[in-house]
$ cat run-v9.cif   # mmCIF, C-alpha atoms and all ligand atoms
data_input
loop_
_atom_site.label_atom_id
_atom_site.label_comp_id
_atom_site.auth_asym_id
_atom_site.auth_seq_id
_atom_site.Cartn_x
_atom_site.Cartn_y
_atom_site.Cartn_z
CA MET J 752 0.75 28.47 -3.13
CA THR J 753 3.11 25.53 -2.88
CA ALA J 754 6.22 26.03 -0.81
CA PRO J 755 9.44 24.14 -1.53
CA ILE J 756 10.00 21.14 0.70
CA SER J 757 13.09 22.74 2.22
CA SER J 758 10.87 25.36 3.84
CA PHE J 759 9.28 22.80 6.19
CA MET J 760 10.97 22.84 9.57
CA PRO J 761 10.35 20.18 12.22
CA GLY J 762 7.53 21.29 14.51
CA VAL J 763 3.92 22.39 14.20
CA LEU J 764 3.10 23.68 10.71
CA THR J 765 -0.58 24.46 11.13
CA ALA J 766 -3.04 24.17 13.98
CA SER J 767 -6.62 24.93 14.97
CA ALA J 768 -8.91 23.86 17.80
CA ALA J 769 -9.74 20.76 15.74
CA ALA J 770 -6.40 19.37 14.64
CA ARG J 771 -2.71 20.03 14.20
CA VAL J 772 -0.26 19.07 11.48
CA GLY J 773 3.43 18.98 12.26
CA PHE J 774 6.56 18.06 10.36
CA ALA J 775 8.52 15.19 11.81
CA HIS J 776 12.26 15.23 12.43
CA ARG J 777 14.33 13.52 9.78
CA CYS J 778 14.96 9.84 10.36
CA ALA J 779 16.54 6.88 8.64
CA ARG J 780 14.05 5.00 6.46
CA PHE J 781 14.58 1.64 4.82
CA SER J 782 12.51 -0.51 2.52
CA LEU J 783 13.10 -4.19 3.28
CA ARG J 784 12.04 -7.03 1.00
CA ALA J 785 12.68 -10.60 2.10
CA ARG J 786 11.19 -14.08 1.74
CA GLY J 787 11.73 -17.44 3.32
CA ASP J 788 13.38 -17.77 6.69
CA LEU J 789 13.36 -14.35 8.31
CA ALA J 790 15.09 -15.38 11.54
CA PRO J 791 18.63 -14.38 10.47
CA LEU J 792 17.41 -10.93 9.41
CA GLU J 793 15.46 -10.54 12.63
CA ALA J 794 18.56 -11.47 14.60
CA ALA J 795 20.66 -9.00 12.61
CA LEU J 796 18.17 -6.18 13.13
CA GLY J 797 17.40 -7.07 16.73
CA LEU J 798 13.64 -7.08 16.19
CA SER J 799 10.93 -9.42 14.99
CA LEU J 800 9.44 -8.76 11.55
CA PRO J 801 5.62 -8.81 11.83
CA ASP J 802 3.98 -11.21 9.37
CA ARG J 803 0.52 -9.62 9.16
CA ILE J 804 0.08 -6.64 6.83
CA GLY J 805 -0.39 -3.53 8.95
CA GLN J 806 1.29 -4.92 12.05
CA ARG J 807 4.17 -3.07 13.70
CA THR J 808 6.99 -4.02 16.02
CA SER J 809 9.77 -2.00 17.54
CA ALA J 810 12.99 -2.46 19.44
CA GLY J 811 14.56 0.61 21.00
CA GLU J 812 14.16 3.37 18.45
CA ARG J 813 13.92 0.98 15.50
CA GLU J 814 10.36 0.62 14.29
CA VAL J 815 9.09 -1.66 11.55
CA LEU J 816 5.74 -1.93 9.75
CA CYS J 817 4.65 -4.81 7.52
CA LEU J 818 3.44 -3.39 4.17
CA GLY J 819 3.07 -6.55 2.11
CA PRO J 820 3.64 -10.31 2.26
CA ASP J 821 7.39 -9.80 1.79
CA GLU J 822 7.78 -6.07 2.40
CA TRP J 823 8.49 -3.92 5.43
CA VAL J 824 9.37 -0.29 6.10
CA LEU J 825 11.88 0.43 8.85
CA HIS J 826 12.33 3.74 10.65
CA ALA J 827 15.25 4.50 12.96
CA PRO J 828 17.32 7.46 14.13
CA GLU J 829 19.62 8.81 11.42
CA SER J 830 22.64 7.87 13.52
CA ASP J 831 21.54 4.22 13.38
CA ALA J 832 21.50 3.98 9.57
CA THR J 833 25.01 2.68 9.02
CA ALA J 834 24.58 0.06 11.75
CA ILE J 835 21.37 -1.21 10.11
CA THR J 836 22.99 -1.37 6.68
CA ALA J 837 25.99 -3.23 8.07
CA ALA J 838 23.88 -5.67 10.09
CA CYS J 839 21.80 -6.67 7.07
CA ALA J 840 24.84 -6.83 4.79
CA GLY J 841 26.33 -9.32 7.24
CA VAL J 842 23.61 -11.91 6.56
CA TYR J 843 23.15 -11.12 2.87
CA ALA J 844 25.32 -13.92 1.50
CA ASP J 845 23.31 -16.67 3.18
CA HIS J 846 19.95 -14.90 3.20
CA PRO J 847 19.56 -12.69 0.12
CA HIS J 848 17.18 -9.80 0.61
CA SER J 849 16.74 -6.21 -0.49
CA LEU J 850 17.42 -3.37 1.92
CA VAL J 851 17.09 0.04 0.30
CA ASP J 852 17.78 3.32 2.04
CA ILE J 853 14.77 5.52 1.23
CA SER J 854 15.57 8.25 3.78
CA GLY J 855 15.87 10.87 1.07
CA ARG J 856 12.67 9.84 -0.65
CA GLU J 857 10.13 10.41 2.09
CA VAL J 858 9.11 12.83 4.79
CA SER J 859 6.55 12.48 7.57
CA PHE J 860 3.75 14.70 8.78
CA VAL J 861 2.43 14.27 12.31
CA ILE J 862 -1.32 14.70 12.71
CA ASP J 863 -3.00 15.08 16.06
CA GLY J 864 -5.70 17.07 17.85
CA PRO J 865 -9.27 16.12 18.84
CA ARG J 866 -10.39 15.66 15.21
CA GLY J 867 -7.13 14.32 13.81
CA ALA J 868 -8.71 11.16 12.41
CA GLU J 869 -11.51 13.15 10.82
CA LEU J 870 -8.95 15.40 9.16
CA LEU J 871 -7.50 12.38 7.34
CA THR J 872 -10.89 11.46 5.89
CA LEU J 873 -10.41 14.53 3.69
CA GLY J 874 -8.04 12.62 1.43
CA CYS J 875 -8.28 8.98 2.48
CA ALA J 876 -11.03 6.74 1.13
CA ARG J 877 -10.19 3.91 3.54
CA ASP J 878 -12.25 3.45 6.70
CA LEU J 879 -9.71 4.59 9.30
CA ASP J 880 -11.49 2.57 12.00
CA THR J 881 -9.95 -0.52 10.37
CA ILE J 882 -6.47 0.69 11.32
CA ALA J 883 -6.07 -0.14 15.00
CA VAL J 884 -3.99 2.02 17.30
CA GLY J 885 -0.44 0.71 17.13
CA GLU J 886 -0.84 -0.47 13.53
CA GLY J 887 -0.23 1.17 10.15
CA ARG J 888 -1.11 0.79 6.47
CA ARG J 889 0.00 1.92 3.08
CA THR J 890 -2.93 3.60 1.35
CA LEU J 891 -3.87 6.46 -0.95
CA PHE J 892 -4.27 10.05 0.22
CA ASP J 893 -5.63 12.49 -2.36
CA GLY J 894 -3.86 10.73 -5.21
CA ALA J 895 -0.55 10.10 -3.46
CA THR J 896 0.61 6.82 -1.96
CA VAL J 897 1.20 7.32 1.76
CA ILE J 898 1.96 5.21 4.79
CA LEU J 899 -0.18 5.90 7.85
CA TRP J 900 1.09 4.98 11.30
CA ARG J 901 -1.71 5.20 13.88
CA ASP J 902 -0.10 6.04 17.22
CA ALA J 903 -3.34 6.91 19.09
CA ASP J 904 -7.02 7.41 18.22
CA ASN J 905 -6.34 10.88 16.83
CA ASN J 906 -2.59 10.73 16.41
CA PHE J 907 -1.09 9.64 13.10
CA ARG J 908 2.16 9.86 11.22
CA LEU J 909 1.81 10.18 7.46
CA ASP J 910 4.84 9.24 5.33
CA CYS J 911 4.84 10.50 1.76
CA TRP J 912 7.29 11.05 -1.04
CA THR J 913 8.91 14.47 -0.87
CA SER J 914 7.48 15.48 -4.24
CA PHE J 915 3.93 15.10 -2.88
CA ALA J 916 4.60 16.78 0.46
CA THR J 917 3.69 20.35 -0.41
CA HIS J 918 0.50 19.26 -2.16
CA LEU J 919 -0.58 17.09 0.75
CA PHE J 920 0.32 19.75 3.27
CA HIS J 921 -1.75 22.33 1.42
CA LEU J 922 -4.77 20.01 1.59
CA LEU J 923 -4.20 19.20 5.27
CA ASP J 924 -3.78 22.87 6.10
CA THR J 925 -7.11 23.68 4.44
CA GLY J 926 -8.72 20.87 6.42
CA VAL J 927 -7.23 21.98 9.71
CA ARG J 928 -8.60 25.49 9.24
CA GLU J 929 -11.96 24.29 7.96
CA LEU J 930 -12.53 21.88 10.85
CA GLY J 931 -11.33 24.60 13.22
CA ALA J 932 -13.84 27.07 11.84
CA GLU J 933 -16.66 24.55 12.38
CA ASN J 934 -15.88 24.49 16.08
CA HIS J 935 -16.99 28.08 16.57
CA MET S 966 -17.11 3.46 -5.18
CA LEU S 967 -16.49 -0.27 -5.43
CA LEU S 968 -15.11 -2.16 -2.46
CA ILE S 969 -12.58 -4.83 -3.38
CA HIS S 970 -11.34 -7.63 -1.15
CA CYS S 971 -7.55 -8.01 -1.24
CA PRO S 972 -6.68 -11.68 -0.56
CA TYR S 973 -3.24 -10.71 0.76
CA CYS S 974 -4.33 -7.91 3.12
CA ASN S 975 -7.50 -9.87 3.88
CA GLU S 976 -9.41 -6.60 3.97
CA THR S 977 -12.18 -5.14 1.83
CA LEU S 978 -10.93 -1.78 0.63
CA PRO S 979 -11.84 1.17 -1.60
CA GLU S 980 -11.38 0.76 -5.33
CA VAL S 981 -8.99 3.74 -5.53
CA GLU S 982 -6.25 1.65 -3.89
CA PHE S 983 -6.39 -0.85 -6.77
CA ALA S 984 -5.41 -0.97 -10.42
CA TYR S 985 -7.01 -3.15 -13.08
CA ALA S 986 -4.54 -5.41 -14.90
CA SER S 987 -6.49 -7.15 -17.69
CA GLU S 988 -7.73 -10.71 -18.10
CA ALA S 989 -6.31 -13.43 -15.83
CA HIS S 990 -4.99 -16.95 -16.53
CA ILE S 991 -3.34 -16.03 -19.81
CA ALA S 992 -0.14 -18.04 -19.99
CA ARG S 993 2.79 -16.63 -21.92
CA PRO S 994 4.08 -19.21 -24.44
CA THR S 995 7.13 -20.84 -22.89
CA ARG S 996 9.06 -20.75 -26.19
CA PRO S 997 8.14 -17.52 -27.98
CA SER S 998 10.71 -18.14 -30.74
CA GLU S 999 8.90 -21.34 -31.69
CA THR S 1000 5.44 -19.77 -31.64
CA THR S 1001 3.69 -18.96 -34.90
CA ASP S 1002 2.76 -15.35 -35.61
CA GLU S 1003 -0.90 -16.29 -35.34
CA ASP S 1004 -0.46 -17.87 -31.89
CA TRP S 1005 1.68 -14.99 -30.71
CA ALA S 1006 -0.93 -12.46 -31.87
CA GLU S 1007 -3.58 -14.57 -30.13
CA PHE S 1008 -1.59 -14.44 -26.90
CA LEU S 1009 -0.86 -10.73 -27.14
CA PHE S 1010 -4.12 -9.28 -28.32
CA MET S 1011 -7.07 -11.62 -28.22
CA ARG S 1012 -9.18 -11.54 -25.05
CA SER S 1013 -12.45 -13.25 -24.26
CA ASN S 1014 -14.32 -9.95 -23.77
CA VAL S 1015 -17.12 -11.77 -21.95
CA LYS S 1016 -20.42 -10.22 -21.05
CA GLY S 1017 -20.82 -11.58 -17.53
CA PRO S 1018 -18.33 -13.11 -15.08
CA LEU S 1019 -14.75 -12.41 -16.14
CA TYR S 1020 -11.54 -13.79 -14.62
CA GLU S 1021 -9.26 -10.80 -14.34
CA ARG S 1022 -6.12 -9.51 -12.65
CA TRP S 1023 -6.01 -6.64 -10.21
CA ARG S 1024 -3.15 -5.08 -8.30
CA HIS S 1025 -3.40 -3.62 -4.80
CA VAL S 1026 -1.01 -0.95 -5.98
CA HIS S 1027 -1.56 1.61 -3.19
CA GLY S 1028 -1.52 -1.06 -0.47
CA CYS S 1029 0.37 -4.34 -0.28
CA GLY S 1030 1.47 -3.98 -3.91
CA ARG S 1031 0.38 -7.51 -4.86
CA PHE S 1032 -1.23 -8.75 -8.04
CA PHE S 1033 -4.19 -11.05 -7.45
CA ASN S 1034 -7.09 -12.46 -9.44
CA ALA S 1035 -10.77 -11.66 -9.30
CA VAL S 1036 -14.02 -12.79 -10.87
CA ARG S 1037 -16.09 -9.73 -11.73
CA ASP S 1038 -19.36 -9.57 -13.57
CA THR S 1039 -18.78 -7.12 -16.42
CA VAL S 1040 -22.49 -6.32 -16.60
CA THR S 1041 -23.17 -5.55 -12.94
CA ASP S 1042 -19.59 -4.68 -11.87
CA LYS S 1043 -20.09 -7.03 -8.91
CA PHE S 1044 -17.03 -8.89 -7.65
CA LEU S 1045 -17.93 -12.57 -7.20
CA THR S 1046 -14.63 -13.43 -5.54
CA THR S 1047 -10.94 -12.58 -5.35
CA TYR S 1048 -8.06 -15.03 -4.86
CA LYS S 1049 -4.29 -15.06 -4.69
CA ALA S 1050 -2.15 -15.18 -7.82
CA GLY S 1051 -1.17 -18.74 -8.64
CA GLU S 1052 -4.28 -20.29 -7.13
CA PRO S 1053 -6.53 -22.31 -9.46
CA ARG S 1054 -9.43 -20.60 -11.12
CA PRO S 1055 -12.53 -21.01 -8.94
CA ASP S 1056 -15.48 -22.88 -10.38
CA LEU S 1057 -17.94 -20.39 -11.82
CA SER S 1058 -21.11 -22.34 -10.98
CA SER S 1059 -20.28 -22.26 -7.25
CA LEU S 1060 -19.82 -18.48 -7.44
CA THR S 1061 -22.98 -17.65 -9.34
CA GLU S 1062 -25.26 -20.10 -7.49
CA GLY S 1063 -26.51 -17.58 -4.96
CA LEU S 1064 -27.14 -14.92 -7.58
CA LYS S 1065 -29.86 -16.64 -9.57
ZN ZN L 1101 -3.44 -5.92 -0.42
#
$ encode --input "run-v9.cif" --output "structure tokens"
Amino acid sequence: MTAPISSFMPGVLTASAAARVGFAHRCARFSLRARGDLAPLEAALGLSLPDRIGQRTSAGEREVLCLGPDEWVLHAPESDATAITAACAGVYADHPHSLVDISGREVSFVIDGPRGAELLTLGCARDLDTIAVGEGRRTLFDGATVILWRDADNNFRLDCWTSFATHLFHLLDTGVRELGAENH
Amino acid sequence: MLLIHCPYCNETLPEVEFAYASEAHIARPTRPSETTDEDWAEFLFMRSNVKGPLYERWRHVHGCGRFFNAVRDTVTDKFLTTYKAGEPRPDLSSLTEGLK
């Protein structure tokens, strides 16, 4: 039943009257770990690094989410990747940090539709009401670590490792069809 | 399912996001080469195995990733408190006062 990851094309993968699951376009993804004075890094990246877990900031098409006390995930267009790497390398000597390109490690599903939030309760034990619109969290979804970005009440992005993608999609697809069937 | 308060996220979250990481406040000998076999075995293997409130480590592995400490009653499974790694061990009598 599981399809290889290469078979997912950007766009809607499954949909019903209740919810839709799409596959996001590829983007540049970085894991950033840093402590101490963050100002030089913020200046290099051109955005402020949020200090509360779950908080997001963005500048242009660069978007950052605070995952832990010294950990952030950064998304940007693929064409911006080399600029980000170079900018952080420029301050590395005086402000050591870890910037790791994880673009090849993760993919994102886009969940929306009138019961999008309810669809996520299928695999997520966390109370989704605690994730405000415009925030995000790392959590567990049916056994896989995922990052949820809540873009609207019923609109989420779900980042997961590529090796979990087909499994998670299969579960989401079942949920989309099941919630859709309930509507009739 | 248990709900566990992560002192770094400052949120009370489902148990499945967390991993248990054994008893807390066990200091590794600073000079292992000068430690006797008995003391080293004590450090490695011997745990208090209390029946009641236990100081223990947990990790918010599917969240902020941080290790922190907790006091959990091993009989009732109730968490009396959680606190950040490196903070002093909270006084037990103040935690159990309200329970008696
Ligand atoms: Zn946490």
$ closest_atom_pairs --input "run-v9.cif" --of "chain J" --to "chain S" --cutoff "8 Å" --atoms "only C-alpha atoms" --output "Markdown table"
| residue | atom | partner | partner_atom | distance |
| --- | --- | --- | --- | --- |
| J:Arg803 | CA | S:Cys974 | CA | 7.9 |
| J:Ile804 | CA | S:Cys974 | CA | 5.9 |
| J:Leu818 | CA | S:Cys1029 | CA | 5.5 |
| J:Gly819 | CA | S:Cys1029 | CA | 4.2 |
| J:Pro820 | CA | S:Tyr973 | CA | 7.1 |
| J:Ala876 | CA | S:Pro979 | CA | 6.3 |
| J:Arg877 | CA | S:Pro979 | CA | 6.1 |
| J:Arg888 | CA | S:Gly1028 | CA | 7.2 |
| J:Arg889 | CA | S:Gly1028 | CA | 4.9 |
| J:Thr890 | CA | S:His1027 | CA | 5.1 |
| J:Leu891 | CA | S:His1027 | CA | 5.8 |
| J:Thr896 | CA | S:His1027 | CA | 5.8 |
$ closest_residue --input "run-v9.cif" --among "J:Glu929, J:Asp863, J:Asp821, J:Glu886" --to "ligand ZN 1101 (chain L)" --atoms "all atoms listed in the file"
J:Asp821
$ atom_distance --input "run-v9.cif" --atom1 "CA of Phe915 in chain J" --atom2 "CA of Ser859 in chain J"
11.1 Å
$ residues_around --input "run-v9.cif" --residues "range 763-780 of chain J" --least-positions-apart "3" --cutoff "7 Å" --atoms "all atoms listed in the file" --output "MDAnalysis selection string"
chainID J and resid 759:760 825:829 832 852:854 859:867 924 927:928 930:931
$ closest_residue --input "run-v9.cif" --among "S:Pro972, S:Ala1006, S:Thr1001, S:Glu1052" --to "ligand ZN 1101 (chain L)" --atoms "only C-alpha atoms and all ligand atoms"
S:Pro972
$ residues_around --input "run-v9.cif" --residues "Glu1021 in chain S" --least-positions-apart "5" --cutoff "8 Å" --atoms "all atoms listed in the file" --output "PyMOL selection string"
chain S and resi 986-990+1034-1037
$ residues_around --input "run-v9.cif" --residues "Ile882 in chain J" --least-positions-apart "4" --cutoff "10 Å" --atoms "only C-alpha atoms" --output "VMD selection string"
chain J and resid 805 to 806 877 to 878 886 to 888 899 to 901 904
$ atom_distance --input "run-v9.cif" --atom1 "CA of Val815 in chain J" --atom2 "CA of Ala883 in chain J"
15.6 Å
$ atom_distance --input "run-v9.cif" --atom1 "CA of Leu873 in chain J" --atom2 "CA of Gly926 in chain J"
7.1 Å
$ closest_residue --input "run-v9.cif" --among "S:Ala1050, S:Val1040, S:Leu967, S:Leu1009" --to "ligand ZN 1101 (chain L)" --atoms "only C-alpha atoms and all ligand atoms"
S:Ala1050
$ closest_residue --input "run-v9.cif" --among "J:Cys817, J:Phe907, J:Val851, J:Arg856" --to "ligand ZN 1101 (chain L)" --atoms "all atoms listed in the file"
J:Cys817
$ residues_around --input "run-v9.cif" --residues "Lys1016 in chain S" --least-positions-apart "2" --cutoff "9 Å" --atoms "all atoms listed in the file" --output "list in words"
Asn1014, Pro1018, Leu1019, Asp1038, Thr1039 and Val1040 of chain S
$ write_last_selection --input "run-v9.cif" --atoms "C-alpha atoms" --output "short mmCIF file (atom, residue, chain, number, x, y, z; two decimals), keeping the file's coordinate frame"
data_model
loop_
_atom_site.label_atom_id
_atom_site.label_comp_id
_atom_site.auth_asym_id
_atom_site.auth_seq_id
_atom_site.Cartn_x
_atom_site.Cartn_y
_atom_site.Cartn_z
CA ASN S 1014 -14.32 -9.95 -23.77
CA PRO S 1018 -18.33 -13.11 -15.08
CA LEU S 1019 -14.75 -12.41 -16.14
CA ASP S 1038 -19.36 -9.57 -13.57
CA THR S 1039 -18.78 -7.12 -16.42
CA VAL S 1040 -22.49 -6.32 -16.60
#
$ closest_residue --input "run-v9.cif" --among "S:Met1011, S:Gly1017, S:Trp1005, S:Ile991" --to "Gly1051 in chain S" --atoms "all atoms listed in the file"
S:Ile991
$ axis_aligned_box --input "run-v9.cif" --around "range 1007-1023 of chain S" --padding-each-side "3 Å" --output "AutoDock Vina command-line options"
--center_x -10.8 --center_y -10.6 --center_z -20.2 --size_x 26.0 --size_y 13.9 --size_z 25.9
$ closest_residue --input "run-v9.cif" --among "J:Pro847, J:Gly894, J:Gly885, J:Gly855" --to "Leu792 in chain J" --atoms "all atoms listed in the file"
J:Pro847
$ residues_around --input "run-v9.cif" --residues "Gly797 in chain J" --least-positions-apart "5" --cutoff "10 Å" --atoms "only C-alpha atoms" --output "list of chain:residue names"
J:Pro791, J:Leu792, J:Ser809, J:Ala810, J:Gly811, J:Arg813, J:Ile835, J:Ala838
$ decode --input "run-v9.cif" --residues "range 994-1008 of chain S" --atoms "N, CA and C atoms" --output "compact mmCIF listing (two decimals), in the first residue's frame"
# COMPACT_ATOMS: atom_id res chain seq x y z
N PRO S 994 31.27 10.02 38.97
CA PRO S 994 32.53 10.35 39.66
C PRO S 994 33.43 11.19 38.75
N THR S 995 34.02 12.24 39.30
CA THR S 995 34.81 13.14 38.46
C THR S 995 36.10 12.49 38.00
N ARG S 996 36.62 11.54 38.78
CA ARG S 996 37.85 10.84 38.38
C ARG S 996 37.61 9.34 38.37
N PRO S 997 37.02 8.83 37.29
CA PRO S 997 36.68 7.40 37.24
C PRO S 997 37.90 6.50 37.45
N SER S 998 39.08 6.93 36.99
CA SER S 998 40.26 6.06 37.10
C SER S 998 40.70 5.90 38.55
N GLU S 999 40.26 6.82 39.41
CA GLU S 999 40.65 6.73 40.82
C GLU S 999 39.53 6.14 41.68
N THR S 1000 38.45 5.72 41.02
CA THR S 1000 37.31 5.18 41.76
C THR S 1000 37.47 3.67 41.96
N THR S 1001 37.13 3.19 43.13
CA THR S 1001 37.21 1.75 43.36
C THR S 1001 36.13 1.03 42.56
N ASP S 1002 36.34 -0.24 42.32
CA ASP S 1002 35.35 -1.04 41.58
C ASP S 1002 34.00 -1.00 42.28
N GLU S 1003 34.03 -1.03 43.60
CA GLU S 1003 32.78 -1.05 44.36
C GLU S 1003 32.02 0.27 44.14
N ASP S 1004 32.76 1.40 44.22
CA ASP S 1004 32.10 2.70 44.03
C ASP S 1004 31.60 2.87 42.60
N TRP S 1005 32.38 2.33 41.67
CA TRP S 1005 31.99 2.46 40.26
C TRP S 1005 30.73 1.62 40.00
N ALA S 1006 30.68 0.44 40.56
CA ALA S 1006 29.50 -0.41 40.43
C ALA S 1006 28.29 0.26 41.07
N GLU S 1007 28.54 0.89 42.22
CA GLU S 1007 27.48 1.61 42.92
C GLU S 1007 26.91 2.71 42.02
N PHE S 1008 27.82 3.46 41.40
CA PHE S 1008 27.39 4.54 40.50
C PHE S 1008 26.64 4.00 39.29
